[in-house]
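Below is model.json, holding JSON, C-alpha atoms.
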[["chain", "number", "residue", "atom", "x", "y", "z"],
["H", 1, "MET", "CA", -221.56, -74.81, -120.57],
["H", 2, "ARG", "CA", -220.42, -76.90, -117.59],
["H", 3, "ARG", "CA", -219.88, -80.56, -118.44],
["H", 4, "THR", "CA", -221.64, -83.18, -116.37],
["H", 5, "THR", "CA", -219.61, -86.19, -115.26],
["H", 6, "PHE", "CA", -221.56, -89.13, -113.88],
["H", 7, "ASP", "CA", -220.13, -91.13, -110.99],
["H", 8, "PRO", "CA", -219.92, -94.84, -111.90],
["H", 9, "ASP", "CA", -220.69, -95.75, -108.30],
["H", 10, "VAL", "CA", -223.93, -93.77, -108.47],
["H", 11, "LEU", "CA", -224.77, -95.29, -111.86],
["H", 12, "ARG", "CA", -224.19, -98.78, -110.49],
["H", 13, "SER", "CA", -226.65, -98.20, -107.65],
["H", 14, "PHE", "CA", -229.20, -96.76, -110.08],
["H", 15, "VAL", "CA", -228.91, -99.68, -112.51],
["H", 16, "LEU", "CA", -229.11, -102.29, -109.75],
["H", 17, "GLY", "CA", -232.14, -100.60, -108.19],
["H", 18, "ALA", "CA", -233.91, -100.48, -111.56],
["H", 19, "GLU", "CA", -233.12, -104.14, -112.32],
["H", 20, "LEU", "CA", -234.25, -105.36, -108.89],
["H", 21, "GLY", "CA", -237.31, -103.10, -108.93],
["H", 22, "SER", "CA", -236.34, -101.76, -105.52],
["H", 23, "PHE", "CA", -233.63, -99.38, -104.35],
["H", 24, "ALA", "CA", -233.95, -100.86, -100.86],
["H", 25, "LYS", "CA", -233.00, -104.26, -102.30],
["H", 26, "ALA", "CA", -230.16, -102.58, -104.20],
["H", 27, "ALA", "CA", -228.88, -101.09, -100.96],
["H", 28, "GLU", "CA", -228.97, -104.51, -99.31],
["H", 29, "ARG", "CA", -227.11, -106.10, -102.25],
["H", 30, "LEU", "CA", -224.49, -103.33, -102.15],
["H", 31, "ASN", "CA", -224.14, -103.53, -98.35],
["H", 32, "ARG", "CA", -225.21, -99.90, -97.98],
["H", 33, "SER", "CA", -227.97, -98.13, -96.14],
["H", 34, "THR", "CA", -231.18, -97.34, -97.97],
["H", 35, "SER", "CA", -230.64, -93.65, -97.22],
["H", 36, "ALA", "CA", -227.22, -93.75, -98.89],
["H", 37, "VAL", "CA", -228.63, -95.23, -102.09],
["H", 38, "SER", "CA", -231.56, -92.78, -101.99],
["H", 39, "ALA", "CA", -229.04, -89.93, -101.73],
["H", 40, "GLN", "CA", -227.23, -91.29, -104.81],
["H", 41, "LEU", "CA", -230.51, -91.39, -106.73],
["H", 42, "LYS", "CA", -231.28, -87.81, -105.69],
["H", 43, "ARG", "CA", -227.82, -86.72, -106.81],
["H", 44, "LEU", "CA", -228.35, -88.36, -110.20],
["H", 45, "GLU", "CA", -231.69, -86.59, -110.61],
["H", 46, "GLU", "CA", -230.05, -83.29, -109.73],
["H", 47, "GLN", "CA", -227.33, -83.87, -112.32],
["H", 48, "THR", "CA", -229.81, -84.72, -115.07],
["H", 49, "GLY", "CA", -232.33, -82.11, -114.01],
["H", 50, "LYS", "CA", -235.12, -84.62, -114.57],
["H", 51, "PRO", "CA", -237.18, -86.99, -112.39],
["H", 52, "LEU", "CA", -235.93, -90.52, -112.97],
["H", 53, "VAL", "CA", -238.46, -92.43, -110.82],
["H", 54, "HIS", "CA", -242.03, -91.98, -109.68],
["H", 55, "LYS", "CA", -244.19, -93.71, -107.10],
["H", 56, "VAL", "CA", -246.39, -96.63, -108.14],
["H", 57, "GLY", "CA", -248.32, -97.91, -105.15],
["H", 58, "ARG", "CA", -245.75, -98.56, -102.45],
["H", 59, "GLY", "CA", -242.89, -98.90, -104.88],
["H", 60, "LEU", "CA", -241.03, -96.86, -107.46],
["H", 61, "ALA", "CA", -240.99, -97.12, -111.24],
["H", 62, "LEU", "CA", -238.80, -95.46, -113.85],
["H", 63, "THR", "CA", -240.08, -92.43, -115.70],
["H", 64, "GLU", "CA", -239.44, -92.11, -119.44],
["H", 65, "GLN", "CA", -236.35, -90.07, -118.58],
["H", 66, "GLY", "CA", -235.35, -92.79, -116.11],
["H", 67, "GLU", "CA", -235.60, -95.48, -118.78],
["H", 68, "LEU", "CA", -233.40, -93.39, -121.07],
["H", 69, "MET", "CA", -230.89, -92.82, -118.27],
["H", 70, "LEU", "CA", -230.88, -96.55, -117.50],
["H", 71, "SER", "CA", -229.86, -97.30, -121.08],
["H", 72, "TYR", "CA", -227.01, -94.80, -120.94],
["H", 73, "ALA", "CA", -225.94, -95.94, -117.47],
["H", 74, "ARG", "CA", -225.58, -99.54, -118.61],
["H", 75, "ARG", "CA", -223.46, -98.49, -121.59],
["H", 76, "LEU", "CA", -221.25, -96.26, -119.43],
["H", 77, "LEU", "CA", -220.71, -99.02, -116.87],
["H", 78, "GLU", "CA", -219.99, -101.55, -119.60],
["H", 79, "ILE", "CA", -217.15, -99.40, -120.95],
["H", 80, "ASN", "CA", -215.92, -98.60, -117.44],
["H", 81, "ASP", "CA", -215.80, -102.26, -116.43],
["H", 82, "GLU", "CA", -214.11, -103.33, -119.65],
["H", 83, "ALA", "CA", -211.44, -100.66, -119.19],
["H", 84, "ALA", "CA", -210.89, -101.62, -115.55],
["H", 85, "ALA", "CA", -210.57, -105.31, -116.40],
["H", 86, "ALA", "CA", -208.20, -104.64, -119.30],
["H", 87, "MET", "CA", -205.97, -102.07, -117.59],
["H", 88, "CYS", "CA", -205.87, -102.88, -113.91],
["H", 89, "GLY", "CA", -207.90, -106.00, -113.31],
["H", 90, "GLU", "CA", -206.58, -109.48, -112.73],
["H", 91, "THR", "CA", -205.72, -111.46, -115.84],
["H", 92, "LEU", "CA", -208.13, -114.32, -116.30],
["H", 93, "GLU", "CA", -206.87, -117.34, -118.18],
["H", 94, "GLY", "CA", -208.19, -120.76, -119.05],
["H", 95, "ARG", "CA", -211.26, -122.08, -120.82],
["H", 96, "ILE", "CA", -215.01, -121.72, -120.33],
["H", 97, "ARG", "CA", -217.45, -124.23, -121.82],
["H", 98, "LEU", "CA", -220.69, -122.49, -122.77],
["H", 99, "GLY", "CA", -223.89, -124.21, -123.87],
["H", 100, "LEU", "CA", -226.35, -122.29, -126.02],
["H", 101, "GLN", "CA", -229.65, -122.74, -127.82],
["H", 102, "GLU", "CA", -229.41, -122.51, -131.60],
["H", 103, "ASP", "CA", -231.98, -119.67, -131.39],
["H", 104, "PHE", "CA", -229.34, -117.33, -129.98],
["H", 105, "GLY", "CA", -226.30, -118.26, -132.05],
["H", 106, "GLU", "CA", -226.64, -115.53, -134.67],
["H", 107, "ARG", "CA", -228.10, -112.62, -132.70],
["H", 108, "LEU", "CA", -226.65, -113.06, -129.20],
["H", 109, "LEU", "CA", -223.36, -114.90, -129.51],
["H", 110, "PRO", "CA", -221.30, -112.45, -131.64],
["H", 111, "GLY", "CA", -221.88, -109.54, -129.28],
["H", 112, "VAL", "CA", -221.21, -111.62, -126.17],
["H", 113, "LEU", "CA", -217.99, -113.10, -127.56],
["H", 114, "ALA", "CA", -216.70, -109.75, -128.84],
["H", 115, "ARG", "CA", -217.25, -107.98, -125.53],
["H", 116, "PHE", "CA", -215.87, -110.83, -123.41],
["H", 117, "SER", "CA", -212.74, -111.27, -125.54],
["H", 118, "ARG", "CA", -211.96, -107.55, -125.36],
["H", 119, "ALA", "CA", -212.07, -107.64, -121.58],
["H", 120, "HIS", "CA", -210.40, -111.06, -121.16],
["H", 121, "PRO", "CA", -208.23, -111.84, -124.20],
["H", 122, "ASN", "CA", -206.47, -114.74, -122.47],
["H", 123, "LEU", "CA", -209.70, -116.64, -121.81],
["H", 124, "GLN", "CA", -210.92, -119.17, -124.35],
["H", 125, "ILE", "CA", -214.64, -119.86, -124.79],
["H", 126, "ALA", "CA", -215.71, -123.22, -126.18],
["H", 127, "VAL", "CA", -219.33, -122.95, -127.35],
["H", 128, "ARG", "CA", -221.60, -125.94, -127.77],
["H", 129, "VAL", "CA", -224.95, -125.57, -129.52],
["H", 130, "ALA", "CA", -227.17, -128.39, -128.32],
["H", 131, "SER", "CA", -230.71, -129.34, -127.41],
["H", 132, "ASN", "CA", -232.21, -128.12, -124.18],
["H", 133, "GLY", "CA", -232.13, -131.52, -122.53],
["H", 134, "GLN", "CA", -228.59, -132.28, -123.65],
["H", 135, "MET", "CA", -227.26, -129.01, -122.25],
["H", 136, "LYS", "CA", -228.84, -129.61, -118.86],
["H", 137, "GLU", "CA", -227.39, -133.11, -118.74],
["H", 138, "ASP", "CA", -223.97, -131.69, -119.62],
["H", 139, "ILE", "CA", -224.30, -129.09, -116.85],
["H", 140, "ALA", "CA", -225.26, -131.77, -114.33],
["H", 141, "ARG", "CA", -222.31, -133.94, -115.38],
["H", 142, "GLY", "CA", -219.82, -131.06, -115.44],
["H", 143, "ARG", "CA", -219.27, -131.15, -119.20],
["H", 144, "LEU", "CA", -220.37, -127.49, -119.46],
["H", 145, "ASP", "CA", -219.60, -124.61, -117.12],
["H", 146, "LEU", "CA", -222.53, -122.39, -118.10],
["H", 147, "ALA", "CA", -225.63, -122.83, -120.26],
["H", 148, "LEU", "CA", -228.44, -120.61, -121.51],
["H", 149, "ALA", "CA", -231.51, -122.82, -121.80],
["H", 150, "TRP", "CA", -235.29, -122.94, -121.61],
["H", 151, "GLN", "CA", -236.72, -123.76, -118.21],
["H", 152, "GLY", "CA", -239.93, -125.76, -118.19],
["H", 153, "GLU", "CA", -242.40, -125.96, -115.34],
["H", 154, "GLY", "CA", -241.55, -128.33, -112.51],
["H", 155, "GLU", "CA", -238.02, -129.15, -113.63],
["H", 156, "ALA", "CA", -235.66, -130.68, -111.10],
["H", 157, "LEU", "CA", -232.70, -128.61, -112.26],
["H", 158, "ASP", "CA", -233.17, -124.98, -111.21],
["H", 159, "GLY", "CA", -231.49, -122.17, -113.08],
["H", 160, "GLU", "CA", -231.14, -118.43, -112.63],
["H", 161, "LEU", "CA", -234.30, -117.18, -114.29],
["H", 162, "LEU", "CA", -233.50, -114.28, -116.64],
["H", 163, "THR", "CA", -236.91, -113.71, -118.16],
["H", 164, "ARG", "CA", -240.14, -115.33, -119.23],
["H", 165, "VAL", "CA", -240.72, -115.39, -122.96],
["H", 166, "PRO", "CA", -244.09, -116.08, -124.61],
["H", 167, "MET", "CA", -244.27, -119.20, -126.71],
["H", 168, "ALA", "CA", -245.77, -118.39, -130.09],
["H", 169, "TRP", "CA", -247.03, -120.08, -133.22],
["H", 170, "ILE", "CA", -244.75, -119.23, -136.13],
["H", 171, "GLY", "CA", -245.75, -118.99, -139.80],
["H", 172, "PRO", "CA", -244.21, -117.69, -143.00],
["H", 173, "SER", "CA", -243.73, -113.96, -143.37],
["H", 174, "ALA", "CA", -246.49, -112.17, -145.25],
["H", 175, "ALA", "CA", -244.29, -111.94, -148.33],
["H", 176, "ASP", "CA", -243.48, -115.66, -148.39],
["H", 177, "GLY", "CA", -246.87, -117.27, -148.64],
["H", 178, "PRO", "CA", -250.18, -118.14, -146.99],
["H", 179, "ILE", "CA", -250.57, -119.64, -143.54],
["H", 180, "PRO", "CA", -251.32, -123.39, -143.77],
["H", 181, "HIS", "CA", -254.91, -124.19, -142.72],
["H", 182, "ALA", "CA", -255.16, -127.83, -143.75],
["H", 183, "ALA", "CA", -256.60, -130.47, -141.40],
["H", 184, "PRO", "CA", -254.84, -132.17, -139.79],
["H", 185, "LEU", "CA", -252.67, -129.13, -139.06],
["H", 186, "PRO", "CA", -249.20, -129.54, -140.63],
["H", 187, "LEU", "CA", -246.43, -128.90, -138.12],
["H", 188, "VAL", "CA", -242.76, -128.05, -138.58],
["H", 189, "VAL", "CA", -240.81, -129.14, -135.51],
["H", 190, "LEU", "CA", -237.37, -129.96, -134.21],
["H", 191, "GLU", "CA", -236.55, -133.61, -133.61],
["H", 192, "GLY", "CA", -237.48, -134.88, -130.16],
["H", 193, "PRO", "CA", -236.94, -134.72, -127.34],
["H", 194, "CYS", "CA", -237.74, -131.00, -127.60],
["H", 195, "LEU", "CA", -239.49, -128.88, -124.96],
["H", 196, "LEU", "CA", -241.28, -126.62, -127.46],
["H", 197, "ARG", "CA", -242.24, -129.49, -129.77],
["H", 198, "GLN", "CA", -243.95, -131.26, -126.87],
["H", 199, "ALA", "CA", -245.62, -128.02, -125.78],
["H", 200, "ALA", "CA", -247.11, -127.62, -129.27],
["H", 201, "LEU", "CA", -248.45, -131.17, -129.40],
["H", 202, "ASP", "CA", -249.90, -130.97, -125.88],
["H", 203, "ALA", "CA", -251.61, -127.63, -126.59],
["H", 204, "LEU", "CA", -253.17, -128.90, -129.80],
["H", 205, "ASP", "CA", -254.34, -132.13, -128.14],
["H", 206, "ARG", "CA", -255.97, -130.20, -125.29],
["H", 207, "ALA", "CA", -257.72, -127.96, -127.84],
["H", 208, "GLY", "CA", -258.94, -130.98, -129.82],
["H", 209, "ILE", "CA", -257.08, -129.91, -132.96],
["H", 210, "SER", "CA", -255.77, -132.74, -135.13],
["H", 211, "TRP", "CA", -252.18, -132.43, -136.33],
["H", 212, "ARG", "CA", -249.48, -134.19, -138.32],
["H", 213, "ILE", "CA", -245.71, -133.76, -138.46],
["H", 214, "ALA", "CA", -245.07, -132.31, -141.92],
["H", 215, "PHE", "CA", -241.35, -131.64, -141.38],
["H", 216, "SER", "CA", -238.86, -132.54, -138.67],
["H", 217, "SER", "CA", -235.18, -131.70, -138.42],
["H", 218, "ALA", "CA", -232.34, -131.44, -135.93],
["H", 219, "SER", "CA", -231.49, -128.02, -137.39],
["H", 220, "LEU", "CA", -233.37, -124.88, -136.40],
["H", 221, "ALA", "CA", -232.26, -123.19, -139.62],
["H", 222, "ALA", "CA", -233.90, -126.03, -141.58],
["H", 223, "THR", "CA", -237.16, -125.60, -139.66],
["H", 224, "TRP", "CA", -237.18, -121.86, -140.47],
["H", 225, "ALA", "CA", -236.72, -122.74, -144.14],
["H", 226, "ALA", "CA", -239.60, -125.25, -144.01],
["H", 227, "ILE", "CA", -241.94, -122.77, -142.31],
["H", 228, "SER", "CA", -240.96, -120.06, -144.80],
["H", 229, "ALA", "CA", -241.73, -122.48, -147.65],
["H", 230, "GLY", "CA", -245.24, -123.04, -146.30],
["H", 231, "LEU", "CA", -244.78, -126.67, -145.25],
["H", 232, "GLY", "CA", -246.44, -126.03, -141.90],
["H", 233, "ILE", "CA", -246.62, -124.02, -138.68],
["H", 234, "GLY", "CA", -243.99, -124.11, -135.97],
["H", 235, "LEU", "CA", -243.80, -123.24, -132.29],
["H", 236, "ARG", "CA", -240.97, -121.15, -130.91],
["H", 237, "THR", "CA", -240.58, -117.81, -129.10],
["H", 238, "PRO", "CA", -240.48, -114.29, -130.57],
["H", 239, "LEU", "CA", -236.75, -113.99, -129.82],
["H", 240, "CYS", "CA", -234.28, -113.94, -132.71],
["H", 241, "LEU", "CA", -236.65, -114.90, -135.51],
["H", 242, "PRO", "CA", -235.29, -114.63, -139.06],
["H", 243, "PRO", "CA", -237.07, -112.24, -141.46],
["H", 244, "SER", "CA", -238.57, -115.16, -143.43],
["H", 245, "VAL", "CA", -241.03, -116.05, -140.63],
["H", 246, "ARG", "CA", -243.32, -114.20, -138.24],
["H", 247, "VAL", "CA", -245.35, -114.63, -135.07],
["H", 248, "LEU", "CA", -248.99, -115.58, -135.66],
["H", 249, "GLU", "CA", -251.76, -114.22, -133.45],
["H", 250, "ALA", "CA", -253.20, -117.43, -132.01],
["H", 251, "SER", "CA", -256.82, -116.29, -131.91],
["H", 252, "ALA", "CA", -256.68, -115.01, -135.49],
["H", 253, "VAL", "CA", -255.64, -118.41, -136.87],
["H", 254, "GLY", "CA", -257.74, -120.58, -134.54],
["H", 255, "LEU", "CA", -254.85, -121.96, -132.51],
["H", 256, "PRO", "CA", -254.65, -122.28, -128.71],
["H", 257, "ALA", "CA", -252.90, -119.63, -126.63],
["H", 258, "LEU", "CA", -249.67, -120.73, -125.00],
["H", 259, "PRO", "CA", -248.04, -120.01, -121.63],
["H", 260, "PRO", "CA", -244.71, -118.24, -121.31],
["H", 261, "LEU", "CA", -241.45, -120.16, -121.12],
["H", 262, "GLY", "CA", -238.65, -119.45, -118.69],
["H", 263, "LEU", "CA", -235.17, -118.65, -120.01],
["H", 264, "SER", "CA", -232.45, -119.34, -117.48],
["H", 265, "LEU", "CA", -228.72, -119.52, -116.93],
["H", 266, "TYR", "CA", -227.52, -122.85, -115.55],
["H", 267, "TYR", "CA", -224.22, -123.25, -113.70],
["H", 268, "ALA", "CA", -222.21, -126.42, -113.21],
["H", 269, "GLU", "CA", -220.85, -125.16, -109.88],
["H", 270, "ALA", "CA", -222.82, -123.67, -106.99],
["H", 271, "ALA", "CA", -219.99, -121.14, -106.59],
["H", 272, "PRO", "CA", -218.90, -120.44, -110.20],
["H", 273, "SER", "CA", -215.48, -119.05, -111.03],
["H", 274, "LEU", "CA", -214.94, -115.33, -111.60],
["H", 275, "ALA", "CA", -214.61, -115.97, -115.33],
["H", 276, "VAL", "CA", -217.96, -117.79, -115.50],
["H", 277, "THR", "CA", -219.60, -115.08, -113.38],
["H", 278, "ARG", "CA", -218.38, -112.35, -115.74],
["H", 279, "LEU", "CA", -219.50, -114.23, -118.83],
["H", 280, "ALA", "CA", -222.94, -114.75, -117.25],
["H", 281, "GLU", "CA", -223.23, -111.02, -116.55],
["H", 282, "ILE", "CA", -222.46, -110.15, -120.17],
["H", 283, "ILE", "CA", -225.06, -112.66, -121.39],
["H", 284, "ARG", "CA", -227.58, -111.15, -118.95],
["H", 285, "GLN", "CA", -227.01, -107.66, -120.31],
["H", 286, "HIS", "CA", -227.16, -108.72, -123.96],
["H", 287, "MET", "CA", -230.39, -110.64, -123.36],
["H", 288, "GLU", "CA", -232.06, -107.38, -122.30],
["H", 289, "VAL", "CA", -231.59, -105.82, -125.73],
["H", 290, "LEU", "CA", -232.39, -108.76, -128.00],
["H", 291, "PRO", "CA", -234.73, -107.65, -130.81],
["H", 292, "ALA", "CA", -238.40, -108.48, -130.47],
["H", 293, "ALA", "CA", -240.24, -110.31, -133.22],
["H", 294, "ARG", "CA", -242.80, -109.10, -135.71],
["H", 295, "SER", "CA", -246.41, -110.27, -135.50]]

How does the structure come out when it is put into C-alpha cells?
Amino acid sequence: MRRTTFDPDVLRSFVLGAELGSFAKAAERLNRSTSAVSAQLKRLEEQTGKPLVHKVGRGLALTEQGELMLSYARRLLEINDEAAAAMCGETLEGRIRLGLQEDFGERLLPGVLARFSRAHPNLQIAVRVASNGQMKEDIARGRLDLALAWQGEGEALDGELLTRVPMAWIGPSAADGPIPHAAPLPLVVLEGPCLLRQAALDALDRAGISWRIAFSSASLAATWAAISAGLGIGLRTPLCLPPSVRVLEASAVGLPALPPLGLSLYYAEAAPSLAVTRLAEIIRQHMEVLPAARS
C-alpha cells in the first residue's frame, strides 16, 4: 500500500481557510492567489479520497471528513513547527510576562507551557494570575506582555477576540446536593470588582429577583468549594469547570438567561515581539480544544 505524505504547506492553507471561514481570505493572508489555494485544497481532497468541504450558501463549510482532517492537520503542523523552531529556527531568549484568568490555570496553562518550553527552552515565562481589571491595567501600563482576559461590551481596551463563551449559572453537581432555591437567592461570587459578579447582579435586578451575597472570596477555587457545598449559586462560563459543580439550565431553575462573554488576547505592544506572537498562537490553538462543561 502506497503511503500518503501530506505537504505542510497545503495543510497550512487548509487550516487557515477553515479558521477564517474562507479560502479566499486565506489566500489573501498567505499572499497567494485564490486559485492557488483552491488547487491545494483539491490536492488534499485527492490525497484523502474524501470531500473535505461543501457549499453552504455562497460559502464553504467543512464536511465531517473535513473536520477530522482539520484536527489531524493542526497536530501535524504543531509538530512540524516545533521541530523547525528547535532544529533550525532562531533561538529566542528573554522573558515573557503572561496574565491569565484563574479559570484557565489548571486546564490550559500546563499544555501551553509544556509546548512553548519544548520549542523555546531559553525563553522564560512569568505567569500572573489576576483579576480581569487588574490584568488590563497591567497591559496598559506595560507590566504584562500578553493577557488572556474576558472582554465586556463597550470596553475601551480592545483585544484580539478568540471566541464568545456563554455565561452560565453554576450549581453543585448532582451528586453534591440540591440547588439552592431560597429567597433572596444566595450567591457565591468573587470579590469585586469582577465582570461576571456584576453581570449576575445586573441580570437578577433586571429580572426582579432578590438576592444576597452568601459567600465571597478572592479565590476561584474557594468559590467552587462554596458552590459545591450548597452555599449558593455562582455565575461563570462553562469552560474549565471542576467536577464538583455543573452548569444549570436557566429556564429550569427560574433564572434569567445571560448573554455571551468575549474572551480575548490583549497585547502590551501594537507590534508584539516574535516570542509573544508565538506564545499567543499556542494559546489560541489550546483554547480550541478546551473541554466543554456538563449541564

Inset, instruction - For atom CA of H:Ala250 and atom CA of H:Leu195, quote the distance in Å rounded to one decimal. - result: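 Interatomic distance here is 19.2 Å.
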
Legend entry - Nearest residue to H:Trp224 from the set H:Ala257, H:Gln285, H:Glu102, H:Tyr266 (distances using all atoms listed in the file):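 Among the listed residues, the smallest separation from H:Trp224 belongs to H:Glu102.
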
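One finds atom CA of H:Gly17 at 19.7 Å from atom CA of H:Ile79.
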
Inset, instruction - Record the distance separating atom CA of H:Ile170 and atom CA of H:Phe215, expressed in Å with one decimal. - result: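 Separation between atom CA of H:Ile170 and atom CA of H:Phe215: 13.9 Å.
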
Legend entry - Near-stretch 116-129 of chain H list (9 Å; all atoms listed in the file; drop same-chain fewer than 2 positions) as a ChimeraX atom specification: /H:81-86,91-102,105,111-114,131,135,144,275,278-279,282

Residues just named, written with C-alpha atoms as a compact mmCIF listing (two decimals), in the frame of the given file:
# COMPACT_ATOMS: atom_id res chain seq x y z
CA ASP H 81 -215.80 -102.26 -116.43
CA GLU H 82 -214.11 -103.33 -119.65
CA ALA H 83 -211.44 -100.66 -119.19
CA ALA H 84 -210.89 -101.62 -115.55
CA ALA H 85 -210.57 -105.31 -116.40
CA ALA H 86 -208.20 -104.64 -119.30
CA THR H 91 -205.72 -111.46 -115.84
CA LEU H 92 -208.13 -114.32 -116.30
CA GLU H 93 -206.87 -117.34 -118.18
CA GLY H 94 -208.19 -120.76 -119.05
CA ARG H 95 -211.26 -122.08 -120.82
CA ILE H 96 -215.01 -121.72 -120.33
CA ARG H 97 -217.45 -124.23 -121.82
CA LEU H 98 -220.69 -122.49 -122.77
CA GLY H 99 -223.89 -124.21 -123.87
CA LEU H 100 -226.35 -122.29 -126.02
CA GLN H 101 -229.65 -122.74 -127.82
CA GLU H 102 -229.41 -122.51 -131.60
CA GLY H 105 -226.30 -118.26 -132.05
CA GLY H 111 -221.88 -109.54 -129.28
CA VAL H 112 -221.21 -111.62 -126.17
CA LEU H 113 -217.99 -113.10 -127.56
CA ALA H 114 -216.70 -109.75 -128.84
CA SER H 131 -230.71 -129.34 -127.41
CA MET H 135 -227.26 -129.01 -122.25
CA LEU H 144 -220.37 -127.49 -119.46
CA ALA H 275 -214.61 -115.97 -115.33
CA ARG H 278 -218.38 -112.35 -115.74
CA LEU H 279 -219.50 -114.23 -118.83
CA ILE H 282 -222.46 -110.15 -120.17

Inset, instruction - Name all residues at most 8 Å from H:Ala27 (count all atoms listed in the file; drop same-chain ones fewer than 3 positions away) and give them as JSON, numbers by chain. - result: {"H": [13, 17, 23, 24, 30, 31, 32, 33, 34, 36, 37]}

Centre, edges in Å (one decimal): axis-aligned box, stretch 24-43 of chain H, 4 Å padding on all six sides, as AutoDock Vina command-line options:
--center_x -229.0 --center_y -96.4 --center_z -101.5 --size_x 17.8 --size_y 27.4 --size_z 18.7
